[in-house]
Amino acid sequence: MTTATTTPRVPVDRDPRVSLTRMTGSPVLRLVVKRLLMAIPIMLGVTILTYWVLSLIPGNAAQQLLGPEATPEDIAQLEEQLGLNRSGVARYFDWLGGALTGDLGNSMVSRQPVSDVLGDRLPVTVELVVLAFVVSLVLAIPVALAAAHRPNGLFDRISMFVSTAGLSVANYVLALVLVLVFAVQLGVLPAIGYTPLSDGVGDNLRGMILPSAAIGIPLFCFYARFLRGDLVDQLQQEEYITTARAKGIGPWQVLLRHAFRNSSFGLITVVGLNLGALIGGTVIIEQIFSLPGIGQLLLQAINTRDVVVVQAVVVIFALVAVVANLVVDLLYAVLDPRIRHDSR
Amino acid sequence: MTVVEPAPSAAYVPELDQVEEVGPRRRRVRNLGTWIPAGMIALIVFACFLGPLVLGLPRPIGGNILESYLPAGSPGHLLGTDPNGNDILSRLLNGGRASLLIAFTVNVLGLLIGGTLGAVSGYLGGAVDTVIMRVLDVLIAFPSLVLTLAVAQALGPSMTNTILALTFFSIPAVARVARSAVLRLRSMPFMAAAELAGTPGWRVLLRHLAPNIVPQLITFAMLGMGIVIIIEGALSFLGLGIPAPNPSWGNMVAEGQLSLSATPMLVVWPSVALLLTVLSFNLLGENLRARWGGR
């Protein structure tokens with residue numbers, strides 16, 4: 001993956017020996033710098049791609065706001081107000097300049113600053129994602145441990161088949177099934193809607209159970225399968241397991257203290273890599289449960305051609321994916337000395 | 001004695017350390033594990049493409065509104081009818097045909113384009129590799145649903161545009177798989193042999209590398225079929241895939257959602273179809289992976 005030939009692009013000090021010792025002195029720091037530099041073109045590419053793709057959609061915010069009855073003069077006037085009469089390239093660089101100085105612009109539809117809109121919406125999505133992660137990991141870890149305890153045993157086979165089946169369920173289908181069972185048939189949980197945290201933690205959580213389960217359950221299946229596979233590999237192939245067993249450590253101890261510790265690396269990677277896909281998947285779930293998160297915001301903004309808002313949401317999604325990858329790499333380097341010393 | 005050009009590695013030779021040793025009993029189980037999902041897929045494909053003809057089902061659209069909400073088992077309507085009086089079984093099979101067609105096309109295109117990009121990138125290395133992989137990194141970091149939503153909005157909902165949008169996002173994933181497979185093969189002896197024999201690059205790619213990475217790509221494509229079917233359903237669910245009166249599993253679920261409490265079966269049928277199809281592809285993919293080794 002890493003190209004060994006790239007020289008670290010850190011500022012060169014006057015005395016070459018100083019910079020050399022500094023760089024070799026902290027490989028983790030060097031890795032951070034390298035990965036951050038790699039993230040910049042990716043983020044730029046994503047923002048350019050967004051602008052370009054949105055410019056392909058026929059109609060702009062001015063036309064959408066004024067509706068089909070509007071006269072061309074009205075539209076032209078509003079376009080001028082919104083700055084839509086200028087070229088796409090000019091608008092992109094305006095936006096980029098603003099974004100780099102922390103100003104994400106104003107929504108073309110509501111005229112609110114985008115940062116305010118995001119401030120309202122982001123906590124909902126974050127809560128959803130965090131709860132989904134909690135649901136999935138709390139279920140996945142014990143199931144994977146129990147399955148790996150006796151590979152090919154009854155529990156292993158049943159749980160692995162169930163999780164393959166669970167992986168095959170689309171989250172929007174799962175969401176509807178959950179609504180059907182828990183809201184329509186049993187009537188114990190609300191089907192849609194969001195209660196802000198300020199109106200009571202209990203009500204808020206009750207509303208979030210179904211959406212976070214709809215995202216968390218397929219995720220649980222994925223993690224359980226992955227962790228189980230990794231644990232079995234560790235148990236069967238690694239010499240430190242043989243050593244631990246030879247010392248007379250019990251099977252559960254070996255599993256928990258030795259194999260699981262190592263396997264948690266792989267789990268961290270997968271969780272990190274998943275985060276980008278996961279946050280994209282919230283779009284449809286927020287739509288089904290009418291949660292006012294950024295996924296819903298994104299759909300609304302695409303419909304109204306509110307380019308500024310779409311751009312902001314896409315940047316957040318991409319940033320989460322890129323940062324999650326970065327954090328995973330760094331955690332690796334921090335936790336595993338072999339990588340820390342090999343990475344160049 | 002004649003000088004022989006190193007034999008092109010026509011068939012995939014599994015690396016011994018990758019494939020688990022299996023006894024005859026495990027092998028039989030494994031065969032079943034391949035043939036059962038493969039048979040399911042064949043059955044589903046047959047039902048979706050020929051079923052409506054063979055069974056003489058009514059058209060999936062333009063039903064009689066007076067015959068709406070018929071229960072399952074009504075004469076002439078095995079699974080009943082939907083709010084517009086259309087036969088549910090007919091919509092299910094026709095919708096499945098659209099889903100399968102889209103998933104198949106997207107995966108073939110993704111394999112061809114992504115596979116070529118990844119293989120060339122891995123084989124050539126250097127600057128070409130860096131440029132290709134960085135561009136694909138952008139595509140990977142770009143939220144796929146947003147991309148497909150935007151493309152669907154830009155070009156309007158239709159089958160061709162759905163295929164286009166989904167292909168765009170399947171390319172980087174395939175390319176990564178192909179690239180890592182090629183990188184693993186690059187140090188194999190037959191590669192050095194080919195190079196020493198002066199085989200031109202395109203020939204190495206086509207005759208030596210391609211046959212070796214195809215099994216892995218096919219395994220990946222099986223999992224990809226499931227993913228594409230689900231995402232196509234999501235697009236149709238949001239009204240951006242197959243346009244409304246025409247059936248697709250996704251928009252059938254979305255329609256059923258409107259009367260979820262009164263007629264839950266409207267959601268259940270397409271959901272079950274979706275689940276069975278995706279599950280079959282996933283099981284087949286998993287099994288091929290265990291067979292052929294590698295990831």
# chains A, B, ... in the order shown; residues from 1 in each chain; ligands from 1
>>> residues_around(residues="region 48-62 of chain B", least_positions_apart="6", cutoff="9 Å", atoms="only C-alpha atoms", output="PyMOL selection string")
chain B and resi 76-77+84-98+100+245-247
>>> write_last_selection(atoms="N, CA and C atoms", output="CSV table (one decimal), in the first residue's frame")
chain,number,residue,atom,x,y,z
B,76,GLY,N,-56.8,-16.2,-9.8
B,76,GLY,CA,-56.0,-15.4,-10.7
B,76,GLY,C,-54.9,-14.6,-10.1
B,77,HIS,N,-55.0,-14.4,-8.8
B,77,HIS,CA,-53.9,-13.6,-8.2
B,77,HIS,C,-53.4,-14.3,-7.0
B,84,ASN,N,-53.3,-0.6,-6.4
B,84,ASN,CA,-53.8,-0.2,-7.7
B,84,ASN,C,-54.4,-1.4,-8.5
B,85,GLY,N,-54.6,-2.5,-7.8
B,85,GLY,CA,-55.2,-3.6,-8.4
B,85,GLY,C,-54.3,-4.4,-9.3
B,86,ASN,N,-53.0,-4.2,-9.2
B,86,ASN,CA,-52.0,-5.0,-9.9
B,86,ASN,C,-51.7,-6.3,-9.2
B,87,ASP,N,-51.4,-7.3,-10.0
B,87,ASP,CA,-51.1,-8.6,-9.4
B,87,ASP,C,-49.7,-8.6,-8.7
B,88,ILE,N,-49.7,-9.0,-7.4
B,88,ILE,CA,-48.4,-8.8,-6.7
B,88,ILE,C,-47.3,-9.7,-7.2
B,89,LEU,N,-47.7,-11.0,-7.5
B,89,LEU,CA,-46.7,-12.0,-8.0
B,89,LEU,C,-46.1,-11.5,-9.3
B,90,SER,N,-46.9,-10.9,-10.2
B,90,SER,CA,-46.4,-10.4,-11.4
B,90,SER,C,-45.4,-9.3,-11.2
B,91,ARG,N,-45.8,-8.4,-10.3
B,91,ARG,CA,-44.9,-7.2,-10.0
B,91,ARG,C,-43.6,-7.7,-9.4
B,92,LEU,N,-43.8,-8.7,-8.5
B,92,LEU,CA,-42.6,-9.3,-7.8
B,92,LEU,C,-41.6,-9.8,-8.8
B,93,LEU,N,-42.1,-10.6,-9.8
B,93,LEU,CA,-41.2,-11.3,-10.7
B,93,LEU,C,-40.6,-10.2,-11.7
B,94,ASN,N,-41.5,-9.3,-12.2
B,94,ASN,CA,-41.0,-8.3,-13.1
B,94,ASN,C,-40.0,-7.4,-12.4
B,95,GLY,N,-40.3,-7.0,-11.2
B,95,GLY,CA,-39.4,-6.2,-10.4
B,95,GLY,C,-38.1,-6.9,-10.2
B,96,GLY,N,-38.1,-8.2,-9.9
B,96,GLY,CA,-36.9,-8.9,-9.8
B,96,GLY,C,-36.1,-8.9,-11.0
B,97,ARG,N,-36.8,-9.0,-12.2
B,97,ARG,CA,-36.0,-9.0,-13.4
B,97,ARG,C,-35.2,-7.7,-13.6
B,98,ALA,N,-35.9,-6.6,-13.2
B,98,ALA,CA,-35.1,-5.3,-13.3
B,98,ALA,C,-34.0,-5.3,-12.3
B,100,LEU,N,-32.2,-7.8,-11.1
B,100,LEU,CA,-31.2,-8.7,-11.5
B,100,LEU,C,-30.4,-8.2,-12.7
B,245,PRO,N,-44.5,3.7,-11.9
B,245,PRO,CA,-45.5,2.6,-12.1
B,245,PRO,C,-44.8,1.3,-12.3
B,246,ASN,N,-43.6,1.3,-12.9
B,246,ASN,CA,-42.9,0.0,-13.2
B,246,ASN,C,-42.4,-0.5,-11.8
B,247,PRO,N,-42.5,-1.8,-11.7
B,247,PRO,CA,-42.2,-2.4,-10.4
B,247,PRO,C,-40.7,-2.6,-10.2
>>> interface_residues(of="chain A", to="chain B", cutoff="7 Å", atoms="only C-alpha atoms", output="list in words")
Ile42, Gly45, Val46, Val53, Leu54, Leu56, Ile57, Pro58, Ala165, Ser168, Val169, Ala170, Val173, Leu180, Val184, Ala277, Gly280, Phe317, Ala318, Ala321 and Val322 of chain A
>>> residues_around(residues="Asp230 (chain A)", least_positions_apart="5", cutoff="12 Å", atoms="only C-alpha atoms", output="PyMOL selection string")
chain A and resi 141+144-145+147-148+151+223-225+235-238+255+259-267+270
>>> residues_around(residues="Val310 (chain A)", least_positions_apart="3", cutoff="10 Å", atoms="only C-alpha atoms", output="ChimeraX atom specification")
/A:50-51,54,107,114,294,297-307,313-316 /B:146
>>> write_last_selection(atoms="C-alpha atoms", output="PDB file, in the first residue's frame")
ATOM      1  CA  THR A  50     -19.484  17.403  -5.676  1.00  0.00           C
ATOM      2  CA  TYR A  51     -19.591  20.768  -7.400  1.00  0.00           C
ATOM      3  CA  LEU A  54     -24.336  19.090  -8.778  1.00  0.00           C
ATOM      4  CA  SER A 107     -28.132  28.127   2.762  1.00  0.00           C
ATOM      5  CA  VAL A 114     -24.834  26.516   7.050  1.00  0.00           C
ATOM      6  CA  ILE A 294     -27.824  15.533   8.208  1.00  0.00           C
ATOM      7  CA  LEU A 297     -30.907  17.524   5.301  1.00  0.00           C
ATOM      8  CA  LEU A 298     -28.910  16.176   2.377  1.00  0.00           C
ATOM      9  CA  LEU A 299     -31.959  14.770   0.598  1.00  0.00           C
ATOM     10  CA  GLN A 300     -33.867  18.013   1.080  1.00  0.00           C
ATOM     11  CA  ALA A 301     -30.905  20.038  -0.128  1.00  0.00           C
ATOM     12  CA  ILE A 302     -30.468  17.907  -3.249  1.00  0.00           C
ATOM     13  CA  ASN A 303     -34.156  18.384  -4.064  1.00  0.00           C
ATOM     14  CA  THR A 304     -33.985  22.152  -3.653  1.00  0.00           C
ATOM     15  CA  ARG A 305     -30.600  22.331  -5.436  1.00  0.00           C
ATOM     16  CA  ASP A 306     -29.175  23.999  -2.332  1.00  0.00           C
ATOM     17  CA  VAL A 307     -25.595  23.480  -3.480  1.00  0.00           C
ATOM     18  CA  VAL A 313     -22.830  17.633   4.123  1.00  0.00           C
ATOM     19  CA  VAL A 314     -20.716  15.799   1.558  1.00  0.00           C
ATOM     20  CA  VAL A 315     -17.585  17.342   3.037  1.00  0.00           C
ATOM     21  CA  ILE A 316     -18.628  16.099   6.462  1.00  0.00           C
TER      22      ILE A 316
ATOM     23  CA  VAL B 146     -24.747  10.756  -2.419  1.00  0.00           C
TER      24      VAL B 146
END
